[in-house]
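**Q** Contents are TSV, C-alpha atoms and all ligand atoms; file name protein.tsv:
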```tsv
chain	number	residue	atom	x	y	z
A	482	MET	CA	28.23	-6.11	14.83
A	483	LYS	CA	24.98	-4.70	13.44
A	484	ARG	CA	21.58	-4.80	15.17
A	485	ILE	CA	18.64	-4.89	12.79
A	486	GLY	CA	15.04	-4.46	13.87
A	487	LEU	CA	12.13	-5.92	11.93
A	488	LEU	CA	8.41	-5.28	12.13
A	489	THR	CA	5.34	-6.17	10.10
A	490	SER	CA	2.43	-3.75	10.21
A	491	GLY	CA	-1.12	-3.44	8.84
A	492	GLY	CA	-3.20	-6.23	7.32
A	493	ASP	CA	-1.12	-9.35	6.78
A	494	CYS	CA	-0.45	-11.02	3.45
A	495	GLN	CA	1.23	-14.10	2.08
A	496	ALA	CA	4.91	-13.24	1.71
A	497	LEU	CA	5.74	-11.32	4.89
A	498	ASN	CA	7.80	-14.17	6.32
A	499	ALA	CA	9.49	-14.85	2.99
A	500	THR	CA	10.53	-11.19	2.80
A	501	MET	CA	11.95	-11.13	6.34
A	502	ARG	CA	13.83	-14.33	5.53
A	503	GLY	CA	15.36	-12.56	2.52
A	504	VAL	CA	16.50	-9.63	4.69
A	505	VAL	CA	17.93	-11.89	7.40
A	506	LYS	CA	19.70	-14.29	5.04
A	507	GLY	CA	21.08	-11.33	3.05
A	508	MET	CA	22.46	-9.77	6.23
A	509	VAL	CA	23.87	-12.98	7.69
A	510	HIS	CA	25.68	-13.89	4.48
A	511	SER	CA	27.00	-10.39	3.82
A	512	MET	CA	28.07	-9.76	7.44
A	513	LYS	CA	29.44	-13.30	7.89
A	514	GLY	CA	27.15	-13.76	10.87
A	515	ASP	CA	28.17	-10.53	12.62
A	516	VAL	CA	24.59	-9.32	12.97
A	517	GLU	CA	21.75	-9.50	15.50
A	518	PHE	CA	18.03	-9.29	14.90
A	519	ILE	CA	15.34	-7.72	17.03
A	520	GLY	CA	11.71	-8.55	16.26
A	521	PHE	CA	9.03	-6.03	17.25
A	522	MET	CA	5.78	-7.77	18.02
A	523	ASN	CA	2.43	-6.90	16.43
A	524	GLY	CA	3.53	-4.06	14.20
A	525	TYR	CA	4.10	-0.53	15.45
A	526	LYS	CA	2.48	-1.57	18.74
A	527	GLY	CA	5.69	-3.43	19.62
A	528	LEU	CA	7.79	-0.38	18.78
A	529	ILE	CA	5.53	2.00	20.72
A	530	TYR	CA	5.24	-0.14	23.84
A	531	GLY	CA	8.69	-1.74	23.78
A	532	ASP	CA	7.48	-5.26	23.04
A	533	TYR	CA	10.50	-6.70	21.27
A	534	ARG	CA	12.81	-9.66	21.50
A	535	LYS	CA	16.10	-10.88	20.14
A	536	LEU	CA	15.67	-13.38	17.35
A	537	GLU	CA	18.19	-15.82	15.95
A	538	SER	CA	18.76	-16.23	12.24
A	539	ARG	CA	17.36	-19.76	12.60
A	540	ASP	CA	14.01	-18.21	13.61
A	541	PHE	CA	13.78	-17.04	9.99
A	542	SER	CA	14.61	-20.45	8.53
A	543	GLY	CA	11.90	-22.62	7.01
A	544	ILE	CA	9.46	-19.71	6.69
A	545	LEU	CA	9.72	-19.08	2.95
A	546	THR	CA	6.41	-20.84	2.36
A	547	LYS	CA	4.67	-19.89	5.60
A	548	GLY	CA	1.74	-17.47	5.40
A	549	GLY	CA	0.97	-14.74	7.94
A	550	THR	CA	3.80	-13.20	9.93
A	551	ILE	CA	5.88	-14.76	12.67
A	552	LEU	CA	6.05	-11.32	14.35
A	553	GLY	CA	2.30	-10.70	14.41
A	554	THR	CA	0.78	-7.50	13.07
A	555	SER	CA	-1.79	-4.85	13.91
A	556	ARG	CA	-3.33	-1.77	12.38
A	557	GLN	CA	-2.04	1.48	13.93
A	558	PRO	CA	-3.59	4.21	11.75
A	559	PHE	CA	-1.15	6.89	10.67
A	560	LYS	CA	-3.64	9.65	11.47
A	561	LEU	CA	-3.55	8.59	15.15
A	562	MET	CA	0.23	8.30	15.39
A	563	GLU	CA	0.76	11.90	16.45
A	564	ILE	CA	-2.15	11.76	18.90
A	565	PRO	CA	-1.25	10.54	22.42
A	566	ASP	CA	-2.68	7.17	23.47
A	567	GLU	CA	-5.35	6.77	26.19
A	568	ASN	CA	-2.64	7.17	28.87
A	569	GLY	CA	-1.18	10.29	27.30
A	570	LEU	CA	1.82	8.50	25.80
A	571	ASP	CA	3.48	10.33	22.89
A	572	LYS	CA	3.66	7.41	20.44
A	573	VAL	CA	6.24	8.91	18.10
A	574	ALA	CA	8.59	9.83	20.95
A	575	ALA	CA	8.09	6.34	22.40
A	576	MET	CA	9.04	4.73	19.07
A	577	VAL	CA	12.19	6.85	18.82
A	578	LYS	CA	13.09	5.99	22.42
A	579	ASN	CA	12.56	2.25	21.96
A	580	TYR	CA	14.54	2.24	18.72
A	581	LYS	CA	17.43	3.85	20.61
A	582	GLU	CA	17.10	1.58	23.64
A	583	ALA	CA	17.18	-1.46	21.36
A	584	LYS	CA	20.45	-0.02	19.98
A	585	LEU	CA	19.39	-0.55	16.40
A	586	ASP	CA	21.49	0.24	13.37
A	587	ALA	CA	18.43	-0.02	11.15
A	588	LEU	CA	14.75	-0.86	11.26
A	589	VAL	CA	13.12	-2.78	8.40
A	590	ILE	CA	9.40	-2.10	8.19
A	591	LEU	CA	7.11	-4.31	6.12
A	592	GLY	CA	3.72	-2.85	5.36
A	593	GLY	CA	1.29	-1.02	3.12
A	594	ASN	CA	0.42	2.62	2.55
A	595	GLY	CA	-0.38	3.63	6.13
A	596	THR	CA	2.69	1.78	7.40
A	597	GLN	CA	4.79	3.59	4.82
A	598	LYS	CA	3.58	7.00	6.02
A	599	THR	CA	4.63	6.17	9.57
A	600	ALA	CA	7.96	4.82	8.30
A	601	ASN	CA	8.51	8.15	6.56
A	602	LEU	CA	7.65	9.99	9.77
A	603	LEU	CA	10.17	7.89	11.71
A	604	SER	CA	12.77	8.52	9.05
A	605	SER	CA	12.17	12.28	9.41
A	606	LYS	CA	12.91	11.82	13.15
A	607	GLY	CA	16.35	10.46	12.28
A	608	LEU	CA	15.73	6.71	12.49
A	609	ASN	CA	17.44	4.48	9.92
A	610	VAL	CA	14.36	3.07	8.26
A	611	ILE	CA	13.82	0.85	5.23
A	612	HIS	CA	10.32	0.07	3.99
A	613	LEU	CA	9.30	-3.05	2.10
A	614	PRO	CA	6.05	-2.85	0.08
A	615	LYS	CA	3.49	-5.37	1.27
A	616	THR	CA	-0.16	-5.64	0.32
A	617	ILE	CA	-2.58	-7.75	-1.65
A	618	ASP	CA	-4.03	-4.46	-2.92
A	619	ASN	CA	-0.94	-3.54	-5.03
A	620	ASP	CA	-1.71	0.12	-4.35
A	621	ILE	CA	1.72	1.31	-3.22
A	622	PHE	CA	2.98	4.18	-5.34
A	623	GLY	CA	6.55	3.92	-6.61
A	624	THR	CA	6.76	0.16	-7.07
A	625	ASP	CA	5.39	-1.84	-9.99
A	626	VAL	CA	4.22	-4.59	-7.70
A	627	THR	CA	3.83	-5.41	-4.02
A	628	PHE	CA	4.37	-8.79	-2.40
A	629	GLY	CA	1.12	-10.56	-1.58
A	630	PHE	CA	-0.63	-9.27	-4.69
A	631	GLN	CA	0.11	-12.24	-6.95
A	632	SER	CA	-0.77	-14.84	-4.30
A	633	ALA	CA	-4.05	-13.06	-3.65
A	634	ILE	CA	-4.79	-13.00	-7.40
A	635	ASP	CA	-4.38	-16.79	-7.40
A	636	ILE	CA	-6.89	-17.20	-4.57
A	637	ALA	CA	-9.45	-14.77	-5.98
A	638	THR	CA	-9.05	-16.43	-9.40
A	639	ASP	CA	-9.69	-19.84	-7.85
A	640	ALA	CA	-12.86	-18.45	-6.29
A	641	ILE	CA	-14.05	-17.14	-9.68
A	642	ASP	CA	-13.15	-20.47	-11.34
A	643	CYS	CA	-15.22	-22.40	-8.80
A	644	ILE	CA	-18.15	-20.04	-9.24
A	645	HIS	CA	-17.98	-20.42	-13.02
A	646	THR	CA	-18.88	-24.11	-12.94
A	647	THR	CA	-21.81	-23.72	-10.57
A	648	ALA	CA	-23.03	-20.56	-12.34
A	649	ALA	CA	-23.00	-22.40	-15.66
A	650	SER	CA	-24.87	-25.42	-14.24
A	651	HIS	CA	-27.61	-23.30	-12.69
A	652	ASN	CA	-27.78	-20.58	-15.31
A	653	ARG	CA	-27.29	-18.01	-12.62
A	654	VAL	CA	-25.80	-14.58	-12.27
A	655	PHE	CA	-23.02	-14.60	-9.71
A	656	ILE	CA	-21.05	-11.76	-8.16
A	657	VAL	CA	-17.64	-12.51	-6.67
A	658	GLU	CA	-16.59	-9.63	-4.45
A	659	VAL	CA	-12.84	-9.14	-4.48
A	660	MET	CA	-10.75	-7.28	-1.87
A	661	GLY	CA	-8.48	-4.38	-2.76
A	662	HIS	CA	-9.61	-1.54	-0.51
A	663	LYS	CA	-9.93	1.64	-2.61
A	664	VAL	CA	-8.31	0.28	-5.77
A	665	GLY	CA	-9.18	-2.33	-8.39
A	666	TRP	CA	-5.89	-4.12	-9.13
A	667	LEU	CA	-6.83	-7.41	-7.53
A	668	THR	CA	-10.28	-7.43	-9.13
A	669	LEU	CA	-8.92	-6.54	-12.54
A	670	TYR	CA	-6.27	-9.28	-12.55
A	671	ALA	CA	-8.42	-11.98	-10.92
A	672	GLY	CA	-11.36	-10.96	-13.10
A	673	VAL	CA	-9.38	-11.34	-16.31
A	674	ALA	CA	-7.65	-14.52	-15.08
A	675	GLY	CA	-10.98	-16.03	-14.03
A	676	GLY	CA	-12.76	-15.08	-17.25
A	677	ALA	CA	-15.28	-12.79	-15.55
A	678	ASP	CA	-17.81	-11.30	-17.94
A	679	ILE	CA	-18.21	-8.03	-16.07
A	680	ILE	CA	-15.54	-6.35	-13.93
A	681	LEU	CA	-16.39	-3.39	-11.72
A	682	LEU	CA	-13.55	-1.29	-10.32
A	683	PRO	CA	-13.44	1.78	-8.06
A	684	GLU	CA	-11.48	3.60	-10.77
A	685	ILE	CA	-14.30	3.15	-13.32
A	686	PRO	CA	-17.60	4.11	-11.67
A	687	TYR	CA	-20.33	1.85	-13.06
A	688	ASN	CA	-23.71	2.56	-14.54
A	689	ILE	CA	-26.08	-0.13	-13.28
A	690	LYS	CA	-28.11	0.09	-16.50
A	691	LYS	CA	-24.98	-0.79	-18.48
A	692	VAL	CA	-24.28	-3.71	-16.13
A	693	VAL	CA	-27.78	-5.05	-16.67
A	694	LYS	CA	-27.47	-4.46	-20.42
A	695	ALA	CA	-24.29	-6.58	-20.49
A	696	ILE	CA	-26.02	-9.44	-18.64
A	697	LYS	CA	-29.01	-9.22	-20.99
A	698	ALA	CA	-26.75	-9.24	-24.04
A	699	ARG	CA	-25.22	-12.46	-22.79
A	700	SER	CA	-28.56	-14.16	-22.24
A	701	ASP	CA	-29.81	-12.91	-25.63
A	702	ALA	CA	-26.71	-14.58	-27.11
A	703	GLY	CA	-27.71	-17.86	-25.46
A	704	LYS	CA	-25.38	-17.62	-22.45
A	705	GLY	CA	-27.46	-18.50	-19.44
A	706	PHE	CA	-25.03	-17.36	-16.79
A	707	THR	CA	-22.90	-14.32	-16.04
A	708	VAL	CA	-20.01	-13.93	-13.62
A	709	LEU	CA	-19.20	-10.49	-12.25
A	710	ALA	CA	-15.96	-9.68	-10.43
A	711	VAL	CA	-16.78	-6.68	-8.28
A	712	ALA	CA	-14.16	-4.79	-6.26
A	713	GLU	CA	-15.13	-4.18	-2.66
A	714	GLY	CA	-14.53	-0.49	-3.40
A	715	ALA	CA	-16.61	-0.38	-6.60
A	716	ILE	CA	-18.79	2.68	-6.84
A	717	SER	CA	-21.72	3.74	-9.01
A	718	LYS	CA	-21.56	6.81	-11.24
A	719	GLU	CA	-24.13	8.57	-9.05
A	720	ASP	CA	-22.21	7.85	-5.86
A	721	ALA	CA	-18.92	8.87	-7.41
A	722	ALA	CA	-20.47	12.27	-8.18
A	723	LEU	CA	-21.28	12.85	-4.49
A	724	LYS	CA	-19.06	14.85	-2.17
A	725	LYS	CA	-16.96	12.65	0.16
A	726	LYS	CA	-19.10	13.58	3.16
A	727	GLU	CA	-22.38	12.90	1.32
A	728	TYR	CA	-21.08	9.52	0.14
A	729	LYS	CA	-20.00	8.56	3.67
A	730	ALA	CA	-23.43	9.51	5.00
A	731	LYS	CA	-25.09	7.46	2.25
A	732	LEU	CA	-22.86	4.47	3.04
A	733	SER	CA	-23.75	4.63	6.72
A	734	GLU	CA	-27.41	4.18	5.74
A	735	ARG	CA	-26.85	1.47	3.14
A	736	LYS	CA	-28.98	-1.54	4.00
A	737	TYR	CA	-26.61	-3.97	2.31
A	738	PRO	CA	-23.42	-5.39	3.85
A	739	SER	CA	-21.38	-4.33	0.81
A	740	VAL	CA	-21.62	-2.91	-2.69
A	741	SER	CA	-22.02	-6.38	-4.26
A	742	TYR	CA	-25.26	-7.04	-2.40
A	743	GLU	CA	-26.61	-3.69	-3.53
A	744	ILE	CA	-25.71	-4.45	-7.15
A	745	ALA	CA	-27.25	-7.94	-6.82
A	746	ALA	CA	-30.53	-6.45	-5.56
A	747	GLN	CA	-30.58	-3.93	-8.41
A	748	ILE	CA	-29.96	-6.63	-11.02
A	749	GLU	CA	-32.71	-8.80	-9.52
A	750	ASP	CA	-35.10	-5.85	-9.61
A	751	MET	CA	-34.28	-4.86	-13.16
A	752	LEU	CA	-33.96	-8.32	-14.73
A	753	GLY	CA	-35.96	-10.63	-12.50
A	754	ASN	CA	-32.99	-13.06	-12.37
A	755	GLU	CA	-31.77	-14.56	-9.16
A	756	VAL	CA	-28.32	-13.30	-8.27
A	757	ARG	CA	-25.89	-14.88	-5.80
A	758	VAL	CA	-23.06	-13.07	-4.06
A	759	VAL	CA	-19.84	-14.75	-2.96
A	760	VAL	CA	-17.30	-12.94	-0.77
A	761	PRO	CA	-13.98	-14.82	-0.45
A	762	GLY	CA	-12.89	-12.05	1.97
A	763	HIS	CA	-9.82	-12.72	4.06
A	764	THR	CA	-9.07	-16.04	2.36
A	765	GLN	CA	-7.43	-13.76	-0.23
A	766	ARG	CA	-4.76	-12.83	2.32
A	767	GLY	CA	-4.42	-16.32	3.72
A	768	GLY	CA	-2.10	-19.25	3.22
A	769	GLY	CA	1.43	-19.23	1.88
A	770	PRO	CA	2.95	-17.20	-0.96
A	771	ASP	CA	2.94	-18.52	-4.51
A	772	ALA	CA	6.17	-18.97	-6.47
A	773	TYR	CA	6.04	-15.45	-7.93
A	774	ASP	CA	5.74	-13.85	-4.50
A	775	ARG	CA	8.49	-16.04	-3.06
A	776	VAL	CA	10.86	-14.78	-5.73
A	777	LEU	CA	9.71	-11.16	-5.43
A	778	SER	CA	9.94	-11.11	-1.64
A	779	THR	CA	13.32	-12.84	-1.59
A	780	ARG	CA	14.68	-10.27	-4.04
A	781	LEU	CA	13.21	-7.31	-2.14
A	782	GLY	CA	14.49	-8.68	1.18
A	783	SER	CA	17.96	-9.31	-0.19
A	784	ALA	CA	18.05	-5.80	-1.72
A	785	ALA	CA	17.02	-4.35	1.66
A	786	ALA	CA	20.01	-6.11	3.26
A	787	GLN	CA	22.30	-4.45	0.72
A	788	ALA	CA	20.75	-1.03	1.42
A	789	ILE	CA	21.46	-1.55	5.15
A	790	ILE	CA	25.06	-2.48	4.41
A	791	ASP	CA	25.37	0.61	2.19
A	792	LYS	CA	23.79	2.70	4.99
A	793	ASP	CA	21.20	3.94	2.50
A	794	PHE	CA	18.13	4.63	4.61
A	795	GLY	CA	14.82	6.48	4.37
A	796	CYS	CA	13.79	4.48	1.33
A	797	MET	CA	11.38	1.87	0.07
A	798	ILE	CA	12.83	-1.09	-1.81
A	799	ALA	CA	10.71	-1.13	-4.95
A	800	MET	CA	10.51	-3.41	-7.96
A	801	ILE	CA	10.66	-1.32	-11.11
A	802	ASN	CA	10.94	-2.97	-14.55
A	803	ASN	CA	12.03	-6.18	-12.82
A	804	GLU	CA	14.87	-4.46	-10.98
A	805	THR	CA	15.02	-3.68	-7.29
A	806	LYS	CA	15.41	0.05	-6.67
A	807	ARG	CA	15.68	2.31	-3.63
A	808	VAL	CA	12.97	4.95	-3.74
A	809	PRO	CA	13.07	7.84	-1.22
A	810	LEU	CA	10.17	7.47	1.22
A	811	ASP	CA	9.34	11.17	1.16
A	812	LYS	CA	8.73	10.93	-2.61
A	813	VAL	CA	6.14	8.16	-2.31
A	814	ALA	CA	4.53	8.25	1.16
A	815	GLY	CA	0.92	9.40	1.06
A	816	HIS	CA	0.39	8.62	-2.64
A	817	LEU	CA	-1.93	5.88	-3.82
A	818	LYS	CA	-1.42	3.81	-6.98
A	819	GLY	CA	-4.74	3.06	-8.64
A	820	VAL	CA	-5.61	1.41	-11.94
A	821	ASP	CA	-5.47	3.85	-14.85
A	822	PRO	CA	-8.89	3.52	-16.54
A	823	ASP	CA	-7.23	4.24	-19.87
A	824	CYS	CA	-4.46	1.65	-19.52
A	825	GLN	CA	-3.75	-0.96	-22.15
A	826	MET	CA	-5.00	-3.84	-20.03
A	827	ILE	CA	-8.48	-2.32	-19.70
A	828	GLU	CA	-8.52	-1.62	-23.42
A	829	GLU	CA	-7.54	-5.22	-24.15
A	830	ALA	CA	-10.13	-6.56	-21.73
A	831	LYS	CA	-12.83	-4.44	-23.38
A	832	ARG	CA	-11.76	-5.71	-26.80
A	833	ILE	CA	-12.52	-9.30	-25.79
A	834	GLY	CA	-15.97	-8.28	-24.59
A	835	ILE	CA	-15.46	-7.75	-20.86
A	836	SER	CA	-17.84	-5.07	-19.63
A	837	PHE	CA	-16.73	-2.52	-17.06
A	838	GLY	CA	-20.30	-1.32	-16.59
A	839	VAL	CA	-19.86	1.86	-18.60
A	901	LIG	O1	-5.23	-3.92	2.67
A	901	LIG	C1	-5.49	-5.27	2.60
A	901	LIG	C2	-6.94	-5.55	2.85
A	901	LIG	O2	-7.13	-6.94	2.81
A	901	LIG	C3	-7.90	-4.83	1.91
A	901	LIG	O3	-7.99	-5.45	0.67
A	901	LIG	C4	-9.15	-4.87	2.71
A	901	LIG	O4	-10.01	-3.80	2.35
A	901	LIG	C5	-8.67	-4.70	4.12
A	901	LIG	O5	-7.32	-5.12	4.13
A	901	LIG	C6	-9.43	-5.48	5.15
A	901	LIG	O6	-8.95	-5.10	6.38
A	901	LIG	P1	-9.23	-5.86	7.75
A	901	LIG	O7	-8.37	-7.07	7.78
A	901	LIG	O8	-8.87	-4.88	8.79
A	901	LIG	O9	-10.68	-6.24	7.74
```
Will you turn the file into structure tokens for me?
**A**
Amino acid sequence: MKRIGLLTSGGDCQALNATMRGVVKGMVHSMKGDVEFIGFMNGYKGLIYGDYRKLESRDFSGILTKGGTILGTSRQPFKLMEIPDENGLDKVAAMVKNYKEAKLDALVILGGNGTQKTANLLSSKGLNVIHLPKTIDNDIFGTDVTFGFQSAIDIATDAIDCIHTTAASHNRVFIVEVMGHKVGWLTLYAGVAGGADIILLPEIPYNIKKVVKAIKARSDAGKGFTVLAVAEGAISKEDAALKKKEYKAKLSERKYPSVSYEIAAQIEDMLGNEVRVVVPGHTQRGGGPDAYDRVLSTRLGSAAAQAIIDKDFGCMIAMINNETKRVPLDKVAGHLKGVDPDCQMIEEAKRIGISFGV
């Protein structure tokens, strides 16, 4: 009999349930039912404070298409993990203790970058940990793709599509602000898929004059509207040249709710056009997974089950060249995967006239 713990941590995304289903089904079929599951509630919180319960394999049935996470989630920043909580509790020691008390053979942790760093820390404490790469941001180093990314692209693309028709009718400039934290994957893919005219990414600091020039070139060519896909982490050339501290201080004084509103105000000033900003926000993480993510998460989950059976721990199950691979956590934790500004996709996008504001 094996006892497998599961937890979902950090911001949610579309295929968390589908991935857990893959793990559970993979275990049940391989172990011929000789396996028990323990669900930790609300991410690492459940592991720290001992909030866990036994789950049946049927609890993971019918959830392939269900968004969110049946276990709940929370953000427990890695940088606070080794700092005692408000009651002096040593969180890492508490997690080790609860893992042991729950008599686990393995703990499967679904989450993004921060979650992965804590998973690596737990692995270094001797826990049998497997990490599964979740995030709409697609910024996890060591895997080609994360689950949630493709579903979020679909939603952000829909938002850009909807804006296109109204922008064209009103001859307006529209900015659609896309999530993605510090990286531009989601904006790049949704921007290209949605036919955005200008795409601004954190990895390619923009020059506002070049952005305005691109809009003007369109109107000079008789195109009355322009759609910009702007990453929430987009940054101007001037700001990118600042030291981290200076940039933080500048941000704390910014009078706009986000970078898109600042860009909109600058365009209005420089061109005299009216500019509208649309922020789809958390809708990009909402709803169920698309077909691509259902396949990806089922494969990753099933591969995690095999790693447990093989007793191969301390790894992330990655998708590399369409094959699932076990990547050692200590090789990837703490690294971020951003868009390479010189990659082929950017080159191809530029060739068809998309401006990156440079
Ligand atoms: O990491 C996923 C993500 O949706 C990012 O794209 C975004 O910056 C962040 O989470 C939002 O976090 P929260 O849900 O805490 O507002």
**Q** Please identify all protein, DNA and RNA residues within 10 Å of ligand LIG 901 (chain A), counting only C-alpha atoms and all ligand atoms, and report them as an MDAnalysis selection string.
**A** chainID A and resid 491:494 555:556 592:595 615:620 629:630 633 659:665 667 712:714 762:767
**Q** Which is closer to Phe655 in chain A than all the others in A:Leu585, A:Ile641, A:Val626, A:Val756, using all atoms listed in the file?
**A** A:Val756
**Q** When you draw a straight line from CA of Ala786 in chain A to CA of Ile634 in chain A, how long is it in Å?
**A**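 CA of Ile634 in chain A lies at a distance of 27.9 Å from CA of Ala786 in chain A.
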**Q** Would you kindly return, as number ranges by chain, each protein, DNA or RNA residue with an atom no farther than 8 Å from any atom of Tyr530 in chain A, considering all atoms listed in the file and excluding same-chain residues fewer than 2 positions away?
**A** A: 526-528, 532, 575-576, 579
**Q** Expressed in Å to a single decimal, how great is the separation between CA of Leu487 in chain A and CA of Lys584 in chain A?
**A**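 That distance, rounded to one decimal, is 13.0 Å.
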**Q** How many Å separate CA of Thr779 in chain A from CA of Phe521 in chain A?
**A**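 Separating CA of Thr779 in chain A from CA of Phe521 in chain A is a distance of 20.5 Å.
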**Q** Restricting the calculation to all atoms listed in the file: of A:Lys581, A:Arg780, A:Arg832, A:Lys812, which residue gets closest to Gly503 in chain A?
**A**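 Looking at the shortest contact to Gly503 in chain A, the residue is A:Arg780.
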**Q** Within 10 Å of Gly672 in chain A, counting all atoms listed in the file, which residues qualify if same-chain residues fewer than 5 places away don't, as a list in words?
**A**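 Skipping anything fewer than 5 positions along the chain leaves Ile634, Ala637, Thr638, Ile641, Asp642, Val657, Val659, Trp666, Leu667, Ala677, Asp678, Ile679, Ile680, Leu681, Val708, Leu709, Ala710, Val711, Ala712, Ala830 and Ile835 of chain A.
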